[in-house]
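upload15.tsv, holding TSV, C-alpha atoms:
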chain	number	residue	atom	x	y	z
A	1	SER	CA	35.33	-2.92	4.38
A	2	ARG	CA	36.55	-2.39	7.89
A	3	GLY	CA	34.21	-2.66	10.80
A	4	LEU	CA	34.06	-1.00	14.16
A	5	GLY	CA	36.08	-3.89	15.57
A	6	ASP	CA	39.10	-2.82	13.52
A	7	VAL	CA	38.70	0.76	14.70
A	8	TYR	CA	38.55	-0.41	18.31
A	9	LYS	CA	41.67	-2.58	17.87
A	10	ARG	CA	43.59	0.40	16.49
A	11	GLN	CA	42.54	2.59	19.38
A	12	VAL	CA	43.63	-0.03	21.90
A	13	ALA	CA	46.89	-0.63	20.02
A	14	CYS	CA	47.69	3.10	19.95
A	15	TRP	CA	46.71	3.75	23.57
A	16	HIS	CA	50.30	3.30	24.80
A	17	TRP	CA	51.36	6.33	22.72
A	18	ILE	CA	49.03	8.63	24.65
A	19	PRO	CA	50.68	10.27	27.66
A	20	SER	CA	49.23	8.84	30.82
A	21	GLY	CA	48.70	10.61	34.08
A	22	TYR	CA	46.04	13.02	32.87
A	23	SER	CA	42.58	12.91	34.37
A	24	LEU	CA	39.35	12.47	32.45
A	25	PRO	CA	38.49	16.21	32.58
A	26	VAL	CA	41.86	17.01	30.96
A	27	TRP	CA	41.16	14.53	28.12
A	28	LEU	CA	37.64	15.90	27.69
A	29	GLY	CA	39.10	19.41	27.49
A	30	PHE	CA	41.57	18.18	24.88
A	31	ALA	CA	38.72	16.65	22.86
A	32	LEU	CA	36.83	19.94	23.03
A	33	VAL	CA	39.89	21.88	21.85
A	34	VAL	CA	40.37	19.52	18.88
A	35	VAL	CA	36.69	19.66	17.89
A	36	VAL	CA	36.38	23.44	18.13
A	37	PHE	CA	39.68	24.36	16.50
A	38	GLY	CA	39.44	21.59	13.90
A	39	THR	CA	36.04	22.86	12.81
A	40	TRP	CA	37.29	26.44	12.85
A	41	GLY	CA	40.29	25.51	10.67
A	42	ASP	CA	37.99	23.85	8.15
A	43	LEU	CA	35.71	26.89	8.04
A	44	VAL	CA	38.63	29.32	7.67
A	45	GLU	CA	40.07	27.38	4.72
A	46	SER	CA	36.66	27.14	3.06
A	47	GLN	CA	36.12	30.88	3.49
A	48	MET	CA	39.52	31.63	1.95
A	49	LYS	CA	38.62	29.48	-1.07
A	50	ARG	CA	35.27	31.27	-1.42
A	51	GLN	CA	36.91	34.70	-1.26
A	52	MET	CA	39.37	33.68	-3.98
A	53	GLY	CA	36.59	32.19	-6.07
A	54	ILE	CA	38.16	28.74	-6.40
A	55	LYS	CA	36.50	25.38	-5.88
A	56	ASP	CA	39.55	23.16	-5.33
A	57	SER	CA	42.75	24.22	-3.57
A	58	SER	CA	44.78	21.93	-5.87
A	59	HIS	CA	44.36	19.37	-8.63
A	60	ILE	CA	46.12	16.53	-6.79
A	61	LEU	CA	42.82	15.20	-5.39
A	62	PRO	CA	40.21	16.36	-7.91
A	63	GLY	CA	36.64	16.40	-6.67
A	64	HIS	CA	37.71	16.40	-3.02
A	65	GLY	CA	38.37	20.11	-2.65
A	66	GLY	CA	42.06	19.63	-3.24
A	67	LEU	CA	44.89	18.44	-1.06
A	68	LEU	CA	44.51	21.34	1.38
A	69	ASP	CA	41.00	20.13	2.26
A	70	ARG	CA	42.51	16.94	3.72
A	71	PHE	CA	44.58	18.90	6.26
A	72	ASP	CA	42.74	22.18	6.82
A	73	SER	CA	41.34	21.24	10.21
A	74	SER	CA	44.84	20.35	11.43
A	75	PHE	CA	46.19	23.85	10.79
A	76	LEU	CA	44.43	25.23	13.87
A	77	ALA	CA	43.78	22.05	15.87
A	78	ILE	CA	47.44	21.00	16.24
A	79	PRO	CA	48.78	24.36	17.53
A	80	ALA	CA	45.75	24.72	19.81
A	81	SER	CA	46.35	21.21	21.20
A	82	VAL	CA	50.02	21.93	21.86
A	83	PHE	CA	49.10	25.18	23.59
A	84	TYR	CA	46.41	23.37	25.63
A	85	PHE	CA	48.86	20.76	26.92
A	86	ALA	CA	51.44	23.48	27.61
A	87	LEU	CA	48.92	25.08	29.98
A	88	ILE	CA	48.27	21.82	31.86
A	89	PRO	CA	50.58	21.55	34.90

Mind turning the file's structure into structure tokens?
Amino acid sequence: SRGLGDVYKRQVACWHWIPSGYSLPVWLGFALVVVVFGTWGDLVESQMKRQMGIKDSSHILPGHGGLLDRFDSSFLAIPASVFYFALIP
């Protein structure tokens, strides 16, 4: 199993991919956008499944809610993040 040390190493290794030059409040705003819209995307997809009366969105990952459940939070979080950074001067 992987420990927190491995997670930290990955974060440090990927840090150079993150655009620099933004202040801490901008990054905190970005984190808030991802949390809010990611949660909203998950809830929207779950509500759609409930309205259709289905448990899993596909049979590719049985018992996990289907393949769509792996990406549902991204459907709103990614566009919201792009829009957020488009608004930052």

| query | For Asp69 in chain A, which residue among A:Trp27, A:Ser46, A:Gly21, A:Val36 is the nearest when counting all atoms listed in the file? | reply |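 Among the listed residues, the smallest separation from Asp69 in chain A belongs to A:Ser46.
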
| Point-to-point distance in Å for CA of Ser23 in chain A and CA of Pro89 in chain A |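 We find that CA of Pro89 in chain A and CA of Ser23 in chain A lie 11.8 Å from each other.
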
| Contacts of Gly41 in chain A at 9 Å or less, counting only C-alpha atoms, minus same-chain residues fewer than 4 places along, as a list in words? |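 Contacts, with the query itself left out: Val36, Phe37, Glu45, Ser46, Asp72, Ser73, Ser74, Phe75, Leu76 and Ala77 of chain A.
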
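Taking all atoms listed in the file into account, Met48 in chain A lies nearest to A:Leu68 out of the set A:Ile78, A:Ala86, A:Leu68, A:Ala31.
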
| query | Suppose you want the space between CA of Phe83 in chain A and CA of Trp40 in chain A; what is it in Å? | reply |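 The value is 16.0 Å.
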
| remark: re CA of Pro79 in chain A and CA of Val26 in chain A: distance 16.8 Å

| field | Residue nearest Phe85 in chain A among A:Ile54, A:Val44, A:Val33, A:Leu24 (counting all atoms listed in the file) | value |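 Among A:Ile54, A:Val44, A:Val33, A:Leu24, it is A:Val33 that comes nearest to Phe85 in chain A.
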